[in-house]
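Asks: Dropping in structure_33.cif, which is mmCIF, N, CA and C atoms:
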data_work
loop_
_atom_site.label_atom_id
_atom_site.label_comp_id
_atom_site.auth_asym_id
_atom_site.auth_seq_id
_atom_site.Cartn_x
_atom_site.Cartn_y
_atom_site.Cartn_z
N GLY V 24 0.81 -1.21 0.00
CA GLY V 24 0.00 0.00 0.00
C GLY V 24 0.85 1.25 0.00
N GLU V 25 1.94 1.24 0.74
CA GLU V 25 2.79 2.41 0.83
C GLU V 25 3.42 2.73 -0.53
N LEU V 26 3.85 1.70 -1.24
CA LEU V 26 4.42 1.91 -2.58
C LEU V 26 3.35 2.45 -3.52
N ASP V 27 2.11 1.98 -3.38
CA ASP V 27 1.02 2.44 -4.24
C ASP V 27 0.82 3.95 -4.15
N ASP V 28 0.78 4.48 -2.92
CA ASP V 28 0.55 5.91 -2.72
C ASP V 28 1.68 6.75 -3.32
N PHE V 29 2.91 6.37 -3.02
CA PHE V 29 4.06 7.07 -3.56
C PHE V 29 4.09 6.97 -5.08
N ALA V 30 3.82 5.78 -5.59
CA ALA V 30 3.87 5.54 -7.03
C ALA V 30 2.88 6.44 -7.76
N ALA V 31 1.68 6.59 -7.22
CA ALA V 31 0.68 7.44 -7.86
C ALA V 31 1.15 8.89 -7.93
N GLN V 32 1.77 9.38 -6.86
CA GLN V 32 2.27 10.75 -6.84
C GLN V 32 3.40 10.94 -7.85
N PHE V 33 4.30 9.98 -7.92
CA PHE V 33 5.39 10.08 -8.88
C PHE V 33 4.89 10.00 -10.32
N CYS V 34 3.93 9.14 -10.58
CA CYS V 34 3.36 9.04 -11.92
C CYS V 34 2.76 10.38 -12.36
N GLU V 35 2.00 11.00 -11.49
CA GLU V 35 1.40 12.31 -11.81
C GLU V 35 2.48 13.33 -12.14
N THR V 36 3.50 13.39 -11.30
CA THR V 36 4.59 14.37 -11.49
C THR V 36 5.34 14.11 -12.79
N LEU V 37 5.71 12.85 -13.02
CA LEU V 37 6.44 12.50 -14.25
C LEU V 37 5.60 12.79 -15.49
N SER V 38 4.33 12.42 -15.43
CA SER V 38 3.45 12.61 -16.57
C SER V 38 3.32 14.09 -16.93
N LYS V 39 3.15 14.93 -15.92
CA LYS V 39 3.01 16.37 -16.18
C LYS V 39 4.31 16.98 -16.70
N SER V 40 5.44 16.60 -16.13
CA SER V 40 6.69 17.22 -16.53
C SER V 40 7.18 16.75 -17.90
N CYS V 41 6.78 15.55 -18.32
CA CYS V 41 7.24 15.00 -19.61
C CYS V 41 6.14 14.87 -20.65
N SER V 42 4.91 15.23 -20.29
CA SER V 42 3.77 15.06 -21.19
C SER V 42 3.74 13.64 -21.75
N ALA V 43 3.81 12.68 -20.85
CA ALA V 43 3.88 11.27 -21.26
C ALA V 43 2.99 10.42 -20.37
N ILE V 44 2.68 9.22 -20.85
CA ILE V 44 1.99 8.24 -20.01
C ILE V 44 3.05 7.56 -19.16
N THR V 45 2.83 7.57 -17.85
CA THR V 45 3.77 6.92 -16.94
C THR V 45 3.03 5.90 -16.09
N ALA V 46 3.76 4.89 -15.64
CA ALA V 46 3.15 3.85 -14.81
C ALA V 46 4.19 3.28 -13.87
N VAL V 47 3.70 2.71 -12.77
CA VAL V 47 4.54 1.96 -11.85
C VAL V 47 3.87 0.60 -11.66
N THR V 48 4.68 -0.44 -11.65
CA THR V 48 4.17 -1.80 -11.45
C THR V 48 4.73 -2.37 -10.15
N ASP V 49 4.05 -3.41 -9.65
CA ASP V 49 4.69 -4.27 -8.67
C ASP V 49 5.18 -5.49 -9.45
N ARG V 50 5.39 -6.60 -8.81
CA ARG V 50 5.91 -7.79 -9.52
C ARG V 50 4.90 -8.38 -10.51
N ASP V 51 3.61 -8.06 -10.31
CA ASP V 51 2.57 -8.72 -11.09
C ASP V 51 1.71 -7.80 -11.95
N ALA V 52 1.43 -6.60 -11.47
CA ALA V 52 0.42 -5.76 -12.13
C ALA V 52 0.79 -4.28 -12.05
N ILE V 53 0.06 -3.49 -12.80
CA ILE V 53 0.26 -2.04 -12.80
C ILE V 53 -0.49 -1.46 -11.61
N ILE V 54 0.24 -0.71 -10.75
CA ILE V 54 -0.36 -0.18 -9.52
C ILE V 54 -0.61 1.32 -9.57
N ALA V 55 -0.06 2.01 -10.58
CA ALA V 55 -0.30 3.45 -10.73
C ALA V 55 -0.11 3.84 -12.20
N VAL V 56 -0.96 4.75 -12.68
CA VAL V 56 -0.89 5.23 -14.06
C VAL V 56 -1.27 6.70 -14.08
N ALA V 57 -0.61 7.48 -14.94
CA ALA V 57 -1.00 8.88 -15.15
C ALA V 57 -0.70 9.26 -16.60
N GLY V 58 -1.48 10.21 -17.11
CA GLY V 58 -1.23 10.74 -18.44
C GLY V 58 -2.04 10.10 -19.55
N GLY V 59 -2.92 9.18 -19.22
CA GLY V 59 -3.74 8.51 -20.23
C GLY V 59 -3.69 7.01 -20.07
N GLY V 60 -4.68 6.34 -20.63
CA GLY V 60 -4.71 4.88 -20.62
C GLY V 60 -5.00 4.25 -19.28
N LYS V 61 -5.46 5.05 -18.33
CA LYS V 61 -5.66 4.51 -16.98
C LYS V 61 -6.65 3.35 -16.97
N ARG V 62 -7.75 3.51 -17.68
CA ARG V 62 -8.77 2.46 -17.69
C ARG V 62 -8.23 1.16 -18.30
N GLU V 63 -7.42 1.28 -19.35
CA GLU V 63 -6.89 0.09 -20.02
C GLU V 63 -5.71 -0.54 -19.27
N LEU V 64 -5.02 0.25 -18.43
CA LEU V 64 -3.78 -0.24 -17.83
C LEU V 64 -3.88 -0.54 -16.33
N MET V 65 -4.59 0.27 -15.58
CA MET V 65 -4.60 0.16 -14.12
C MET V 65 -5.07 -1.22 -13.65
N GLY V 66 -4.25 -1.85 -12.82
CA GLY V 66 -4.60 -3.15 -12.25
C GLY V 66 -4.37 -4.34 -13.17
N LYS V 67 -3.97 -4.09 -14.40
CA LYS V 67 -3.78 -5.19 -15.36
C LYS V 67 -2.45 -5.91 -15.10
N ARG V 68 -2.45 -7.19 -15.42
CA ARG V 68 -1.24 -8.00 -15.27
C ARG V 68 -0.20 -7.56 -16.30
N ILE V 69 1.05 -7.49 -15.86
CA ILE V 69 2.12 -7.06 -16.78
C ILE V 69 2.53 -8.21 -17.69
N SER V 70 3.13 -7.85 -18.82
CA SER V 70 3.54 -8.83 -19.82
C SER V 70 4.74 -9.65 -19.35
N GLN V 71 4.93 -10.79 -19.99
CA GLN V 71 6.10 -11.63 -19.68
C GLN V 71 7.39 -10.91 -20.03
N GLN V 72 7.36 -10.06 -21.07
CA GLN V 72 8.56 -9.31 -21.43
C GLN V 72 8.97 -8.36 -20.30
N LEU V 73 7.99 -7.71 -19.65
CA LEU V 73 8.33 -6.84 -18.52
C LEU V 73 8.83 -7.65 -17.34
N GLU V 74 8.26 -8.82 -17.12
CA GLU V 74 8.76 -9.69 -16.06
C GLU V 74 10.23 -10.05 -16.32
N GLN V 75 10.56 -10.29 -17.59
CA GLN V 75 11.95 -10.62 -17.96
C GLN V 75 12.87 -9.44 -17.70
N ILE V 76 12.41 -8.22 -17.98
CA ILE V 76 13.21 -7.01 -17.71
C ILE V 76 13.51 -6.92 -16.22
N MET V 77 12.50 -7.22 -15.39
CA MET V 77 12.72 -7.23 -13.93
C MET V 77 13.77 -8.28 -13.56
N ASP V 78 13.65 -9.48 -14.13
CA ASP V 78 14.59 -10.55 -13.82
C ASP V 78 16.01 -10.17 -14.23
N ASP V 79 16.14 -9.45 -15.34
CA ASP V 79 17.45 -9.03 -15.84
C ASP V 79 18.06 -7.90 -15.02
N ARG V 80 17.21 -7.16 -14.27
CA ARG V 80 17.65 -6.07 -13.39
C ARG V 80 18.39 -4.96 -14.13
N ARG V 81 18.01 -4.74 -15.38
CA ARG V 81 18.62 -3.67 -16.18
C ARG V 81 17.54 -2.77 -16.72
N ILE V 82 17.89 -1.52 -16.93
CA ILE V 82 16.93 -0.59 -17.52
C ILE V 82 16.77 -0.92 -19.00
N TYR V 83 15.53 -0.93 -19.43
CA TYR V 83 15.21 -1.18 -20.84
C TYR V 83 14.82 0.15 -21.49
N GLN V 84 15.26 0.36 -22.72
CA GLN V 84 14.78 1.48 -23.54
C GLN V 84 14.54 0.98 -24.95
N TYR V 85 13.36 1.31 -25.46
CA TYR V 85 13.00 0.91 -26.83
C TYR V 85 13.94 1.57 -27.83
N THR V 86 14.39 0.78 -28.80
CA THR V 86 15.20 1.28 -29.89
C THR V 86 14.42 1.08 -31.18
N PRO V 87 14.30 2.13 -32.03
CA PRO V 87 13.56 1.98 -33.28
C PRO V 87 14.08 0.79 -34.10
N GLY V 88 13.13 0.04 -34.64
CA GLY V 88 13.49 -1.12 -35.44
C GLY V 88 13.39 -2.43 -34.69
N GLU V 89 13.46 -2.39 -33.37
CA GLU V 89 13.32 -3.63 -32.61
C GLU V 89 11.85 -3.87 -32.28
N GLN V 90 11.54 -5.09 -31.88
CA GLN V 90 10.16 -5.41 -31.52
C GLN V 90 9.81 -4.69 -30.22
N ARG V 91 8.60 -4.14 -30.18
CA ARG V 91 8.16 -3.41 -28.98
C ARG V 91 7.83 -4.39 -27.85
N VAL V 92 7.99 -3.91 -26.61
CA VAL V 92 7.68 -4.69 -25.42
C VAL V 92 6.29 -4.27 -24.93
N ALA V 93 5.34 -5.19 -24.98
CA ALA V 93 3.98 -4.91 -24.52
C ALA V 93 3.99 -4.63 -23.02
N VAL V 94 3.11 -3.73 -22.58
CA VAL V 94 3.02 -3.40 -21.17
C VAL V 94 2.18 -4.44 -20.42
N THR V 95 1.06 -4.85 -21.02
CA THR V 95 0.19 -5.82 -20.36
C THR V 95 0.14 -7.12 -21.15
N GLU V 96 -0.35 -8.18 -20.51
CA GLU V 96 -0.49 -9.48 -21.17
C GLU V 96 -1.36 -9.39 -22.40
N SER V 97 -2.43 -8.60 -22.30
CA SER V 97 -3.45 -8.61 -23.35
C SER V 97 -3.29 -7.51 -24.39
N GLY V 98 -2.43 -6.52 -24.13
CA GLY V 98 -2.47 -5.33 -24.98
C GLY V 98 -1.34 -5.16 -25.95
N GLU V 99 -1.73 -4.84 -27.18
CA GLU V 99 -0.73 -4.44 -28.17
C GLU V 99 -0.72 -2.93 -28.32
N LYS V 100 -1.71 -2.26 -27.75
CA LYS V 100 -1.85 -0.81 -27.91
C LYS V 100 -0.75 -0.03 -27.19
N TYR V 101 -0.34 -0.52 -26.01
CA TYR V 101 0.65 0.18 -25.20
C TYR V 101 1.93 -0.63 -25.10
N SER V 102 3.05 0.07 -25.29
CA SER V 102 4.35 -0.59 -25.17
C SER V 102 5.25 0.24 -24.27
N ALA V 103 6.32 -0.39 -23.80
CA ALA V 103 7.27 0.29 -22.91
C ALA V 103 8.27 1.08 -23.74
N GLY V 104 8.39 2.37 -23.42
CA GLY V 104 9.45 3.19 -24.00
C GLY V 104 10.71 3.06 -23.16
N VAL V 105 10.50 3.14 -21.84
CA VAL V 105 11.56 2.93 -20.86
C VAL V 105 10.97 2.13 -19.71
N ALA V 106 11.74 1.18 -19.17
CA ALA V 106 11.33 0.40 -18.01
C ALA V 106 12.53 0.26 -17.08
N ALA V 107 12.39 0.83 -15.86
CA ALA V 107 13.48 0.79 -14.90
C ALA V 107 13.07 -0.01 -13.67
N PRO V 108 13.82 -1.06 -13.33
CA PRO V 108 13.47 -1.88 -12.17
C PRO V 108 13.61 -1.11 -10.85
N ILE V 109 12.66 -1.34 -9.95
CA ILE V 109 12.71 -0.80 -8.59
C ILE V 109 13.33 -1.90 -7.73
N ILE V 110 14.55 -1.65 -7.22
CA ILE V 110 15.27 -2.66 -6.44
C ILE V 110 15.43 -2.14 -5.01
N SER V 111 15.01 -2.98 -4.05
CA SER V 111 15.11 -2.63 -2.64
C SER V 111 15.70 -3.81 -1.88
N GLU V 112 16.81 -3.56 -1.20
CA GLU V 112 17.50 -4.61 -0.43
C GLU V 112 17.73 -5.86 -1.26
N GLY V 113 18.10 -5.67 -2.52
CA GLY V 113 18.42 -6.79 -3.40
C GLY V 113 17.24 -7.44 -4.09
N ASP V 114 16.02 -7.05 -3.73
CA ASP V 114 14.82 -7.62 -4.34
C ASP V 114 14.21 -6.64 -5.34
N VAL V 115 13.75 -7.16 -6.47
CA VAL V 115 13.05 -6.33 -7.45
C VAL V 115 11.59 -6.25 -7.02
N LEU V 116 11.10 -5.02 -6.81
CA LEU V 116 9.73 -4.81 -6.35
C LEU V 116 8.77 -4.49 -7.48
N GLY V 117 9.30 -3.99 -8.61
CA GLY V 117 8.46 -3.59 -9.73
C GLY V 117 9.25 -2.77 -10.72
N LEU V 118 8.52 -1.95 -11.50
CA LEU V 118 9.14 -1.14 -12.55
C LEU V 118 8.55 0.26 -12.58
N VAL V 119 9.36 1.22 -13.00
CA VAL V 119 8.88 2.55 -13.38
C VAL V 119 8.88 2.55 -14.90
N LEU V 120 7.72 2.92 -15.50
CA LEU V 120 7.57 2.85 -16.96
C LEU V 120 7.23 4.19 -17.57
N PHE V 121 7.81 4.45 -18.73
CA PHE V 121 7.29 5.44 -19.66
C PHE V 121 6.62 4.63 -20.75
N VAL V 122 5.33 4.87 -20.93
CA VAL V 122 4.50 4.06 -21.81
C VAL V 122 4.27 4.79 -23.12
N GLU V 123 4.37 4.06 -24.23
CA GLU V 123 4.11 4.63 -25.55
C GLU V 123 2.85 3.99 -26.13
N GLU V 124 2.07 4.80 -26.79
CA GLU V 124 0.80 4.34 -27.37
C GLU V 124 0.99 4.13 -28.86
N GLY V 125 0.67 2.93 -29.34
CA GLY V 125 0.84 2.62 -30.77
C GLY V 125 2.29 2.77 -31.17
N ASP V 126 2.52 3.45 -32.26
CA ASP V 126 3.89 3.75 -32.69
C ASP V 126 4.23 5.19 -32.35
N GLY V 127 3.75 5.62 -31.19
CA GLY V 127 3.87 7.01 -30.77
C GLY V 127 5.28 7.47 -30.48
N ALA V 128 5.35 8.62 -29.84
CA ALA V 128 6.61 9.28 -29.54
C ALA V 128 7.59 8.34 -28.84
N GLN V 129 8.83 8.53 -29.17
CA GLN V 129 9.88 7.69 -28.61
C GLN V 129 10.46 8.34 -27.36
N SER V 130 10.61 7.56 -26.30
CA SER V 130 11.23 8.06 -25.08
C SER V 130 12.72 8.28 -25.33
N GLY V 131 13.23 9.37 -24.77
CA GLY V 131 14.63 9.72 -24.98
C GLY V 131 15.46 9.63 -23.72
N GLU V 132 16.59 10.31 -23.74
CA GLU V 132 17.54 10.29 -22.62
C GLU V 132 16.93 10.85 -21.34
N THR V 133 16.10 11.89 -21.47
CA THR V 133 15.47 12.50 -20.29
C THR V 133 14.59 11.48 -19.58
N GLU V 134 13.74 10.80 -20.33
CA GLU V 134 12.85 9.79 -19.74
C GLU V 134 13.66 8.64 -19.13
N TYR V 135 14.73 8.26 -19.79
CA TYR V 135 15.60 7.20 -19.28
C TYR V 135 16.15 7.58 -17.91
N LYS V 136 16.71 8.77 -17.81
CA LYS V 136 17.30 9.24 -16.55
C LYS V 136 16.24 9.42 -15.47
N LEU V 137 15.08 9.95 -15.83
CA LEU V 137 14.01 10.12 -14.84
C LEU V 137 13.52 8.77 -14.31
N ALA V 138 13.30 7.81 -15.19
CA ALA V 138 12.86 6.48 -14.76
C ALA V 138 13.91 5.85 -13.84
N GLN V 139 15.17 5.98 -14.21
CA GLN V 139 16.27 5.44 -13.40
C GLN V 139 16.28 6.09 -12.01
N THR V 140 16.13 7.40 -11.97
CA THR V 140 16.16 8.14 -10.70
C THR V 140 14.98 7.79 -9.81
N ILE V 141 13.78 7.77 -10.38
CA ILE V 141 12.58 7.48 -9.60
C ILE V 141 12.61 6.04 -9.09
N ALA V 142 13.06 5.10 -9.93
CA ALA V 142 13.16 3.71 -9.50
C ALA V 142 14.13 3.58 -8.32
N ALA V 143 15.27 4.27 -8.40
CA ALA V 143 16.25 4.23 -7.30
C ALA V 143 15.66 4.84 -6.03
N PHE V 144 14.95 5.95 -6.19
CA PHE V 144 14.33 6.61 -5.03
C PHE V 144 13.30 5.71 -4.38
N LEU V 145 12.41 5.13 -5.17
CA LEU V 145 11.38 4.24 -4.62
C LEU V 145 12.02 3.03 -3.92
N GLY V 146 13.07 2.49 -4.51
CA GLY V 146 13.76 1.37 -3.88
C GLY V 146 14.36 1.75 -2.53
N LYS V 147 15.00 2.91 -2.45
CA LYS V 147 15.57 3.40 -1.19
C LYS V 147 14.47 3.68 -0.17
N HIS V 148 13.38 4.27 -0.63
CA HIS V 148 12.27 4.59 0.26
C HIS V 148 11.70 3.33 0.90
N MET V 149 11.61 2.26 0.15
CA MET V 149 11.04 1.03 0.68
C MET V 149 11.98 0.34 1.67
N GLU V 150 13.27 0.69 1.66
CA GLU V 150 14.21 0.13 2.62
C GLU V 150 14.03 0.72 4.00
N SER V 151 13.56 1.97 4.06
CA SER V 151 13.44 2.65 5.35
C SER V 151 12.11 2.41 6.03
#
Produce structure tokens that represent the structure in this file.

Replies:
Amino acid sequence: GELDDFAAQFCETLSKSCSAITAVTDRDAIIAVAGGGKRELMGKRISQQLEQIMDDRRIYQYTPGEQRVAVTESGEKYSAGVAAPIISEGDVLGLVLFVEEGDGAQSGETEYKLAQTIAAFLGKHMES
């Protein structure tokens, strides 16, 4: 519950500052969304590709020409532009996502750094 409240606040802030769809997941589902797609994304189970990104413990960024990573099990409409694992005390708790709709705008270096920073902050916050 504590991660949910913080995640919602961060999603709102990120979405407004970057004019993007942002989301935070736990290990299984999307727990916060801002900037659009809330009805289609909130509470939905995350895709196996996102689970693999968590297992790899590395930040993912979409590169033009590669296959897109679906955000949810069922959806082709939304894909991950950037996905940064939230790691706390050695455990992966979820992801911070910049979400792209269709073949929409591509996330850049700013989104990459923001996702990385917010994921690190959330991980540290959960340790205390």

Asks: Name the residues that the PyMOL selection byres (((chain V and resi 111 and name CA) around 9) and name CA) picks from the file above, as a count of residues only, using the file's chain letters and numbers.

Replies: 14

Asks: Check the smallest atom-to-atom distance from each of V:Glu63, V:Gly58, V:Ser130, V:Asp78 to V:Ile44 using only N, CA and C atoms, then report the winner.

Replies: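 For V:Ile44, the nearest of the candidates is V:Gly58.
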
Asks: Report the residues of chain V whose backbone DSSP state falls under helix (DSSP H, G or I), written as a short mmCIF file (atom, residue, chain, number, x, y, z; two decimals) with N, CA and C atoms, in the coordinates of the input.

Replies:
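Final output, saved to part.cif:
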data_model
loop_
_atom_site.label_atom_id
_atom_site.label_comp_id
_atom_site.auth_asym_id
_atom_site.auth_seq_id
_atom_site.Cartn_x
_atom_site.Cartn_y
_atom_site.Cartn_z
N GLU V 25 1.94 1.24 0.74
CA GLU V 25 2.79 2.41 0.83
C GLU V 25 3.42 2.73 -0.53
N LEU V 26 3.85 1.70 -1.24
CA LEU V 26 4.42 1.91 -2.58
C LEU V 26 3.35 2.45 -3.52
N ASP V 27 2.11 1.98 -3.38
CA ASP V 27 1.02 2.44 -4.24
C ASP V 27 0.82 3.95 -4.15
N ASP V 28 0.78 4.48 -2.92
CA ASP V 28 0.55 5.91 -2.72
C ASP V 28 1.68 6.75 -3.32
N PHE V 29 2.91 6.37 -3.02
CA PHE V 29 4.06 7.07 -3.56
C PHE V 29 4.09 6.97 -5.08
N ALA V 30 3.82 5.78 -5.59
CA ALA V 30 3.87 5.54 -7.03
C ALA V 30 2.88 6.44 -7.76
N ALA V 31 1.68 6.59 -7.22
CA ALA V 31 0.68 7.44 -7.86
C ALA V 31 1.15 8.89 -7.93
N GLN V 32 1.77 9.38 -6.86
CA GLN V 32 2.27 10.75 -6.84
C GLN V 32 3.40 10.94 -7.85
N PHE V 33 4.30 9.98 -7.92
CA PHE V 33 5.39 10.08 -8.88
C PHE V 33 4.89 10.00 -10.32
N CYS V 34 3.93 9.14 -10.58
CA CYS V 34 3.36 9.04 -11.92
C CYS V 34 2.76 10.38 -12.36
N GLU V 35 2.00 11.00 -11.49
CA GLU V 35 1.40 12.31 -11.81
C GLU V 35 2.48 13.33 -12.14
N THR V 36 3.50 13.39 -11.30
CA THR V 36 4.59 14.37 -11.49
C THR V 36 5.34 14.11 -12.79
N LEU V 37 5.71 12.85 -13.02
CA LEU V 37 6.44 12.50 -14.25
C LEU V 37 5.60 12.79 -15.49
N SER V 38 4.33 12.42 -15.43
CA SER V 38 3.45 12.61 -16.57
C SER V 38 3.32 14.09 -16.93
N LYS V 39 3.15 14.93 -15.92
CA LYS V 39 3.01 16.37 -16.18
C LYS V 39 4.31 16.98 -16.70
N SER V 40 5.44 16.60 -16.13
CA SER V 40 6.69 17.22 -16.53
C SER V 40 7.18 16.75 -17.90
N CYS V 41 6.78 15.55 -18.32
CA CYS V 41 7.24 15.00 -19.61
C CYS V 41 6.14 14.87 -20.65
N LYS V 61 -5.46 5.05 -18.33
CA LYS V 61 -5.66 4.51 -16.98
C LYS V 61 -6.65 3.35 -16.97
N ARG V 62 -7.75 3.51 -17.68
CA ARG V 62 -8.77 2.46 -17.69
C ARG V 62 -8.23 1.16 -18.30
N GLU V 63 -7.42 1.28 -19.35
CA GLU V 63 -6.89 0.09 -20.02
C GLU V 63 -5.71 -0.54 -19.27
N LEU V 64 -5.02 0.25 -18.43
CA LEU V 64 -3.78 -0.24 -17.83
C LEU V 64 -3.88 -0.54 -16.33
N GLN V 71 4.93 -10.79 -19.99
CA GLN V 71 6.10 -11.63 -19.68
C GLN V 71 7.39 -10.91 -20.03
N GLN V 72 7.36 -10.06 -21.07
CA GLN V 72 8.56 -9.31 -21.43
C GLN V 72 8.97 -8.36 -20.30
N LEU V 73 7.99 -7.71 -19.65
CA LEU V 73 8.33 -6.84 -18.52
C LEU V 73 8.83 -7.65 -17.34
N GLU V 74 8.26 -8.82 -17.12
CA GLU V 74 8.76 -9.69 -16.06
C GLU V 74 10.23 -10.05 -16.32
N GLN V 75 10.56 -10.29 -17.59
CA GLN V 75 11.95 -10.62 -17.96
C GLN V 75 12.87 -9.44 -17.70
N ILE V 76 12.41 -8.22 -17.98
CA ILE V 76 13.21 -7.01 -17.71
C ILE V 76 13.51 -6.92 -16.22
N MET V 77 12.50 -7.22 -15.39
CA MET V 77 12.72 -7.23 -13.93
C MET V 77 13.77 -8.28 -13.56
N ASP V 78 13.65 -9.48 -14.13
CA ASP V 78 14.59 -10.55 -13.82
C ASP V 78 16.01 -10.17 -14.23
N ASP V 79 16.14 -9.45 -15.34
CA ASP V 79 17.45 -9.03 -15.84
C ASP V 79 18.06 -7.90 -15.02
N GLU V 132 16.59 10.31 -23.74
CA GLU V 132 17.54 10.29 -22.62
C GLU V 132 16.93 10.85 -21.34
N THR V 133 16.10 11.89 -21.47
CA THR V 133 15.47 12.50 -20.29
C THR V 133 14.59 11.48 -19.58
N GLU V 134 13.74 10.80 -20.33
CA GLU V 134 12.85 9.79 -19.74
C GLU V 134 13.66 8.64 -19.13
N TYR V 135 14.73 8.26 -19.79
CA TYR V 135 15.60 7.20 -19.28
C TYR V 135 16.15 7.58 -17.91
N LYS V 136 16.71 8.77 -17.81
CA LYS V 136 17.30 9.24 -16.55
C LYS V 136 16.24 9.42 -15.47
N LEU V 137 15.08 9.95 -15.83
CA LEU V 137 14.01 10.12 -14.84
C LEU V 137 13.52 8.77 -14.31
N ALA V 138 13.30 7.81 -15.19
CA ALA V 138 12.86 6.48 -14.76
C ALA V 138 13.91 5.85 -13.84
N GLN V 139 15.17 5.98 -14.21
CA GLN V 139 16.27 5.44 -13.40
C GLN V 139 16.28 6.09 -12.01
N THR V 140 16.13 7.40 -11.97
CA THR V 140 16.16 8.14 -10.70
C THR V 140 14.98 7.79 -9.81
N ILE V 141 13.78 7.77 -10.38
CA ILE V 141 12.58 7.48 -9.60
C ILE V 141 12.61 6.04 -9.09
N ALA V 142 13.06 5.10 -9.93
CA ALA V 142 13.16 3.71 -9.50
C ALA V 142 14.13 3.58 -8.32
N ALA V 143 15.27 4.27 -8.40
CA ALA V 143 16.25 4.23 -7.30
C ALA V 143 15.66 4.84 -6.03
N PHE V 144 14.95 5.95 -6.19
CA PHE V 144 14.33 6.61 -5.03
C PHE V 144 13.30 5.71 -4.38
N LEU V 145 12.41 5.13 -5.17
CA LEU V 145 11.38 4.24 -4.62
C LEU V 145 12.02 3.03 -3.92
N GLY V 146 13.07 2.49 -4.51
CA GLY V 146 13.76 1.37 -3.88
C GLY V 146 14.36 1.75 -2.53
N LYS V 147 15.00 2.91 -2.45
CA LYS V 147 15.57 3.40 -1.19
C LYS V 147 14.47 3.68 -0.17
N HIS V 148 13.38 4.27 -0.63
CA HIS V 148 12.27 4.59 0.26
C HIS V 148 11.70 3.33 0.90
N MET V 149 11.61 2.26 0.15
CA MET V 149 11.04 1.03 0.68
C MET V 149 11.98 0.34 1.67
N GLU V 150 13.27 0.69 1.66
CA GLU V 150 14.21 0.13 2.62
C GLU V 150 14.03 0.72 4.00
#

Asks: Which residues come within 6.5 Å of V:Val47, counting all atoms listed in the file, excluding same-chain residues fewer than 6 positions away, as number ranges by chain?

Replies: V: 30, 34, 53-56, 117-120

Asks: Keeping N, CA and C atoms, export the residues of the selection given above as a short mmCIF file (atom, residue, chain, number, x, y, z; two decimals), in the coordinates of the input.

Replies:
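Saved the output as result23.cif:
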data_model
loop_
_atom_site.label_atom_id
_atom_site.label_comp_id
_atom_site.auth_asym_id
_atom_site.auth_seq_id
_atom_site.Cartn_x
_atom_site.Cartn_y
_atom_site.Cartn_z
N ALA V 30 3.82 5.78 -5.59
CA ALA V 30 3.87 5.54 -7.03
C ALA V 30 2.88 6.44 -7.76
N CYS V 34 3.93 9.14 -10.58
CA CYS V 34 3.36 9.04 -11.92
C CYS V 34 2.76 10.38 -12.36
N ILE V 53 0.06 -3.49 -12.80
CA ILE V 53 0.26 -2.04 -12.80
C ILE V 53 -0.49 -1.46 -11.61
N ILE V 54 0.24 -0.71 -10.75
CA ILE V 54 -0.36 -0.18 -9.52
C ILE V 54 -0.61 1.32 -9.57
N ALA V 55 -0.06 2.01 -10.58
CA ALA V 55 -0.30 3.45 -10.73
C ALA V 55 -0.11 3.84 -12.20
N VAL V 56 -0.96 4.75 -12.68
CA VAL V 56 -0.89 5.23 -14.06
C VAL V 56 -1.27 6.70 -14.08
N GLY V 117 9.30 -3.99 -8.61
CA GLY V 117 8.46 -3.59 -9.73
C GLY V 117 9.25 -2.77 -10.72
N LEU V 118 8.52 -1.95 -11.50
CA LEU V 118 9.14 -1.14 -12.55
C LEU V 118 8.55 0.26 -12.58
N VAL V 119 9.36 1.22 -13.00
CA VAL V 119 8.88 2.55 -13.38
C VAL V 119 8.88 2.55 -14.90
N LEU V 120 7.72 2.92 -15.50
CA LEU V 120 7.57 2.85 -16.96
C LEU V 120 7.23 4.19 -17.57
#

Asks: Identify, on the basis of all atoms listed in the file, every residue whose closest approach to V:Arg91 does not exceed 7 Å; exclude the query and any residue fewer than 5 positions from it along the same chain; express the result as a PyMOL selection string.

Replies: chain V and resi 85+102-103
